[in-house]
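Undergrad: Sharing a structure, written as structure tokens. Questions coming.
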Amino acid sequence: MIGKKVTDALNLQMNREFFNARLYLSMATYFESLNMQGAAGWMAAQAQEETGHAMRLYNHLRERGARILLGALEAPPTQWDSPLAAFEAAYEHECKVSRQFDEHMALAQAEKDHATVIFLQWFINEQVEEEASVDEIVQKIKMIGDHKGGLFMLDRMLGERKSG
Ligand SMILES: [Fe+2]
Ligand SMILES: [Fe+2]
């Protein structure tokens with residue numbers, strides 16, 4: 001049996017992950033508008049991963065016999081000032097998500113919900129990767145600066161990411 005506090009926290013996070021999917025999908029459409037199909041594909045793949053995160057939370061709640069509640073979704077931003085600004089926003093967002101999972105972990109530990117503690121470990125590790133992969137792209141764009149050829153190459157590189 002899963003407690004109410006943990007149920008509420010995981011329901012909240014599931015809804016946040018659905019928002020995250022739409023945030024990245026919105027970034028994908030922004031990159032489409034810049035004709036940067038590689039970056040758009042990268043963002044679309046990221047959106048799919050975020051939906052996967054939401055479903056992981058969904059399945060954990062389901063397996064634990066909790067009531068799952070889908071809430072209203074806030075509209076994501078639709079415009080960024082530059083490719084750098086979009087990836088910087090993604091990086092900031094991932095750092096925020098990492099702190100959210102730290103809080104969920106602290107709650108699960110305080111509630112002695114060890115099944116949820118073990119479940120959340122995957123997300124804690126995943127966030128380390130998420131922050132690192134987005135930060136790597138931010139640093140590359142900074143290195144490229146205003147060099148159009150560099151941005152073109154980076155877009156091709158980002159396009160190599162496999163979806164899902
Ligand atoms: Fe996520
Ligand atoms: Fe993420």
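Identifiers for the structure tokens are assigned positionally: chains receive A, B, ... in sequence, residues are indexed from 1 per chain, and ligands are indexed from 1 in the order shown.
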List as a PyMOL selection string the protein and nucleic acid residues near A:Arg16, meaning an atom at most 12 Å away when only C-alpha atoms are counted, but skip any in the same chain fewer than 2 places from it.

TA: chain A and resi 9-14+18-23+50-51+53-55+57-58+70-76+93-94+96-97+100-101

Undergrad: Can you pull out the residues contacting A:Thr116? Cut-off 12 Å, using only C-alpha atoms, and skip same-chain residues under 3 positions away; I want them as an mmCIF file with N, CA and C atoms, in the first residue's frame.

TA:
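Contents of out.cif, as written:
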data_model
loop_
_atom_site.group_PDB
_atom_site.id
_atom_site.type_symbol
_atom_site.label_atom_id
_atom_site.label_comp_id
_atom_site.auth_asym_id
_atom_site.auth_seq_id
_atom_site.Cartn_x
_atom_site.Cartn_y
_atom_site.Cartn_z
ATOM 1 N N MET A 1 0.849 -1.209 0.000
ATOM 2 C CA MET A 1 0.000 0.000 0.000
ATOM 3 C C MET A 1 0.876 1.247 0.000
ATOM 4 N N ILE A 2 0.499 2.177 -0.833
ATOM 5 C CA ILE A 2 1.264 3.419 -0.975
ATOM 6 C C ILE A 2 0.532 4.537 -0.224
ATOM 7 N N GLY A 3 1.287 5.367 0.478
ATOM 8 C CA GLY A 3 0.685 6.430 1.290
ATOM 9 C C GLY A 3 0.180 7.599 0.451
ATOM 10 N N LYS A 5 0.740 10.909 0.810
ATOM 11 C CA LYS A 5 1.737 11.941 0.474
ATOM 12 C C LYS A 5 2.560 11.541 -0.740
ATOM 13 N N VAL A 6 3.001 10.278 -0.750
ATOM 14 C CA VAL A 6 3.827 9.796 -1.870
ATOM 15 C C VAL A 6 2.972 9.723 -3.137
ATOM 16 N N THR A 7 1.737 9.246 -2.999
ATOM 17 C CA THR A 7 0.818 9.198 -4.151
ATOM 18 C C THR A 7 0.651 10.585 -4.766
ATOM 19 N N ALA A 9 2.630 13.199 -4.522
ATOM 20 C CA ALA A 9 3.898 13.674 -5.099
ATOM 21 C C ALA A 9 4.156 13.021 -6.453
ATOM 22 N N LEU A 10 3.885 11.717 -6.562
ATOM 23 C CA LEU A 10 4.158 11.015 -7.822
ATOM 24 C C LEU A 10 3.132 11.370 -8.891
ATOM 25 N N ARG A 56 6.393 5.844 -16.764
ATOM 26 C CA ARG A 56 7.050 5.106 -15.679
ATOM 27 C C ARG A 56 6.360 5.407 -14.351
ATOM 28 N N LEU A 57 6.091 6.701 -14.127
ATOM 29 C CA LEU A 57 5.410 7.108 -12.898
ATOM 30 C C LEU A 57 3.988 6.554 -12.872
ATOM 31 N N ASN A 59 2.912 3.834 -14.299
ATOM 32 C CA ASN A 59 2.945 2.390 -14.031
ATOM 33 C C ASN A 59 3.295 2.055 -12.581
ATOM 34 N N HIS A 60 4.169 2.860 -12.003
ATOM 35 C CA HIS A 60 4.500 2.632 -10.589
ATOM 36 C C HIS A 60 3.246 2.862 -9.735
ATOM 37 N N LEU A 61 2.545 3.961 -10.007
ATOM 38 C CA LEU A 61 1.314 4.253 -9.258
ATOM 39 C C LEU A 61 0.289 3.140 -9.462
ATOM 40 N N GLU A 63 0.815 -0.050 -10.347
ATOM 41 C CA GLU A 63 1.234 -1.294 -9.688
ATOM 42 C C GLU A 63 1.051 -1.245 -8.176
ATOM 43 N N ARG A 64 1.147 -0.027 -7.633
ATOM 44 C CA ARG A 64 1.007 0.117 -6.183
ATOM 45 C C ARG A 64 -0.450 0.305 -5.761
ATOM 46 N N PHE A 101 13.021 15.704 -8.134
ATOM 47 C CA PHE A 101 13.211 14.288 -7.774
ATOM 48 C C PHE A 101 13.952 14.135 -6.445
ATOM 49 N N HIS A 104 11.249 14.365 -3.973
ATOM 50 C CA HIS A 104 10.432 13.144 -3.914
ATOM 51 C C HIS A 104 11.181 12.039 -3.169
ATOM 52 N N MET A 105 12.473 11.948 -3.418
ATOM 53 C CA MET A 105 13.289 10.932 -2.756
ATOM 54 C C MET A 105 13.293 11.171 -1.246
ATOM 55 N N ALA A 106 13.477 12.428 -0.842
ATOM 56 C CA ALA A 106 13.484 12.758 0.597
ATOM 57 C C ALA A 106 12.140 12.387 1.235
ATOM 58 N N LEU A 107 11.059 12.638 0.526
ATOM 59 C CA LEU A 107 9.725 12.306 1.040
ATOM 60 C C LEU A 107 9.556 10.789 1.170
ATOM 61 N N ALA A 108 9.941 10.060 0.117
ATOM 62 C CA ALA A 108 9.794 8.591 0.140
ATOM 63 C C ALA A 108 10.617 7.990 1.286
ATOM 64 N N GLN A 109 11.796 8.568 1.528
ATOM 65 C CA GLN A 109 12.633 8.086 2.640
ATOM 66 C C GLN A 109 11.971 8.395 3.983
ATOM 67 N N ALA A 110 11.461 9.623 4.103
ATOM 68 C CA ALA A 110 10.808 10.023 5.361
ATOM 69 C C ALA A 110 9.577 9.155 5.638
ATOM 70 N N GLU A 111 8.877 8.754 4.575
ATOM 71 C CA GLU A 111 7.670 7.927 4.702
ATOM 72 C C GLU A 111 8.005 6.431 4.803
ATOM 73 N N LYS A 112 9.283 6.117 4.727
ATOM 74 C CA LYS A 112 9.762 4.719 4.746
ATOM 75 C C LYS A 112 9.107 3.880 3.638
ATOM 76 N N ASP A 113 8.891 4.529 2.486
ATOM 77 C CA ASP A 113 8.345 3.829 1.314
ATOM 78 C C ASP A 113 9.542 3.361 0.472
ATOM 79 N N PHE A 119 12.464 2.779 -6.760
ATOM 80 C CA PHE A 119 11.903 3.248 -8.037
ATOM 81 C C PHE A 119 12.510 4.594 -8.444
ATOM 82 N N LEU A 120 12.638 5.512 -7.480
ATOM 83 C CA LEU A 120 13.118 6.866 -7.792
ATOM 84 C C LEU A 120 14.604 6.913 -8.120
ATOM 85 N N GLN A 121 15.340 5.874 -7.695
ATOM 86 C CA GLN A 121 16.782 5.858 -7.990
ATOM 87 C C GLN A 121 17.052 5.956 -9.488
ATOM 88 N N TRP A 122 16.207 5.315 -10.299
ATOM 89 C CA TRP A 122 16.372 5.378 -11.749
ATOM 90 C C TRP A 122 16.310 6.825 -12.236
ATOM 91 N N PHE A 123 15.352 7.583 -11.691
ATOM 92 C CA PHE A 123 15.177 8.978 -12.108
ATOM 93 C C PHE A 123 16.352 9.846 -11.647
#

Undergrad: Assign secondary structure with DSSP using the backbone only, and return the residues of chain A in helix (DSSP H, G or I) as a VMD selection string.

TA: chain A and resid 4 to 33 37 to 63 83 to 110 114 to 144 148 to 158

Undergrad: Would you list the contacts of stretch 138-152 of chain A as JSON, numbers by chain, taking every protein, DNA or RNA residue within 8 Å and counting only C-alpha atoms, but skipping same-chain residues closer than 2 positions in sequence?

TA: {"A": [36, 83, 84, 87, 88, 91, 134, 135, 136, 154, 155, 156]}

Undergrad: May I have the selected residues written with N, CA, C and O atoms, as a compact mmCIF listing (two decimals), in the first residue's frame?

TA:
# COMPACT_ATOMS: atom_id res chain seq x y z
N MET A 36 16.14 24.16 -38.62
CA MET A 36 17.17 23.32 -38.00
C MET A 36 16.54 21.96 -37.68
O MET A 36 16.15 21.68 -36.54
N PRO A 83 18.86 29.66 -30.73
CA PRO A 83 19.11 28.24 -30.40
C PRO A 83 19.78 28.10 -29.04
O PRO A 83 19.41 27.23 -28.24
N LEU A 84 20.74 28.99 -28.75
CA LEU A 84 21.41 28.94 -27.44
C LEU A 84 20.40 29.15 -26.32
O LEU A 84 20.41 28.40 -25.33
N PHE A 87 18.33 25.96 -25.71
CA PHE A 87 19.06 24.89 -25.01
C PHE A 87 19.42 25.29 -23.58
O PHE A 87 19.44 24.45 -22.68
N GLU A 88 19.67 26.59 -23.36
CA GLU A 88 19.92 27.05 -21.99
C GLU A 88 18.66 26.88 -21.14
O GLU A 88 18.73 26.48 -19.98
N TYR A 91 18.36 23.33 -20.24
CA TYR A 91 19.29 22.98 -19.16
C TYR A 91 18.76 23.42 -17.80
O TYR A 91 18.73 22.63 -16.85
N VAL A 134 22.39 17.92 -22.06
CA VAL A 134 21.95 19.24 -22.51
C VAL A 134 23.08 20.26 -22.32
O VAL A 134 23.31 21.11 -23.19
N ASP A 135 23.79 20.15 -21.21
CA ASP A 135 24.89 21.10 -20.96
C ASP A 135 25.97 20.98 -22.03
O ASP A 135 26.55 21.97 -22.46
N GLU A 136 26.21 19.76 -22.48
CA GLU A 136 27.22 19.54 -23.52
C GLU A 136 26.85 20.32 -24.79
O GLU A 136 27.71 20.94 -25.43
N LEU A 154 26.53 21.39 -36.16
CA LEU A 154 25.93 20.95 -34.90
C LEU A 154 24.52 20.40 -35.16
O LEU A 154 24.13 19.36 -34.61
N ASP A 155 23.78 21.08 -36.03
CA ASP A 155 22.42 20.63 -36.35
C ASP A 155 22.46 19.22 -36.95
O ASP A 155 21.65 18.36 -36.60
N ARG A 156 23.43 18.98 -37.82
CA ARG A 156 23.56 17.64 -38.41
C ARG A 156 23.88 16.61 -37.34
O ARG A 156 23.33 15.50 -37.34

Undergrad: Looking at A:Asn15, A:Asn125, A:Gln79, A:Gln46, which one is nearest to ligand 2, with distances taken over only C-alpha atoms and all ligand atoms?

TA: A:Gln46

Undergrad: Given the choices A:Met153, A:Val128, A:Ala66, A:Leu34, which gets closest to ligand 2 if the distance is worked out from only C-alpha atoms and all ligand atoms?

TA: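 For ligand 2, the nearest of the candidates is A:Val128.
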
Undergrad: Just give me the gap between atom CA of A:Gly41 and atom CA of A:Ala28 in Å, one decimal is fine.

TA: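 That distance, rounded to one decimal, is 6.7 Å.
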
Undergrad: One decimal, Å: what's the distance from atom CA of A:Val117 over to atom CA of A:Ala89, could you say?

TA: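 Taking atom CA of A:Val117 as the start and atom CA of A:Ala89 as the end point, the length is 28.7 Å.
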
Undergrad: Select, from A:Leu25, A:Ala86, A:Leu69, A:Phe31, the residue with the minimum atom-to-atom distance to A:Gln48, counting only C-alpha atoms.

TA: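 Smallest separation from A:Gln48 among the options: A:Leu25.
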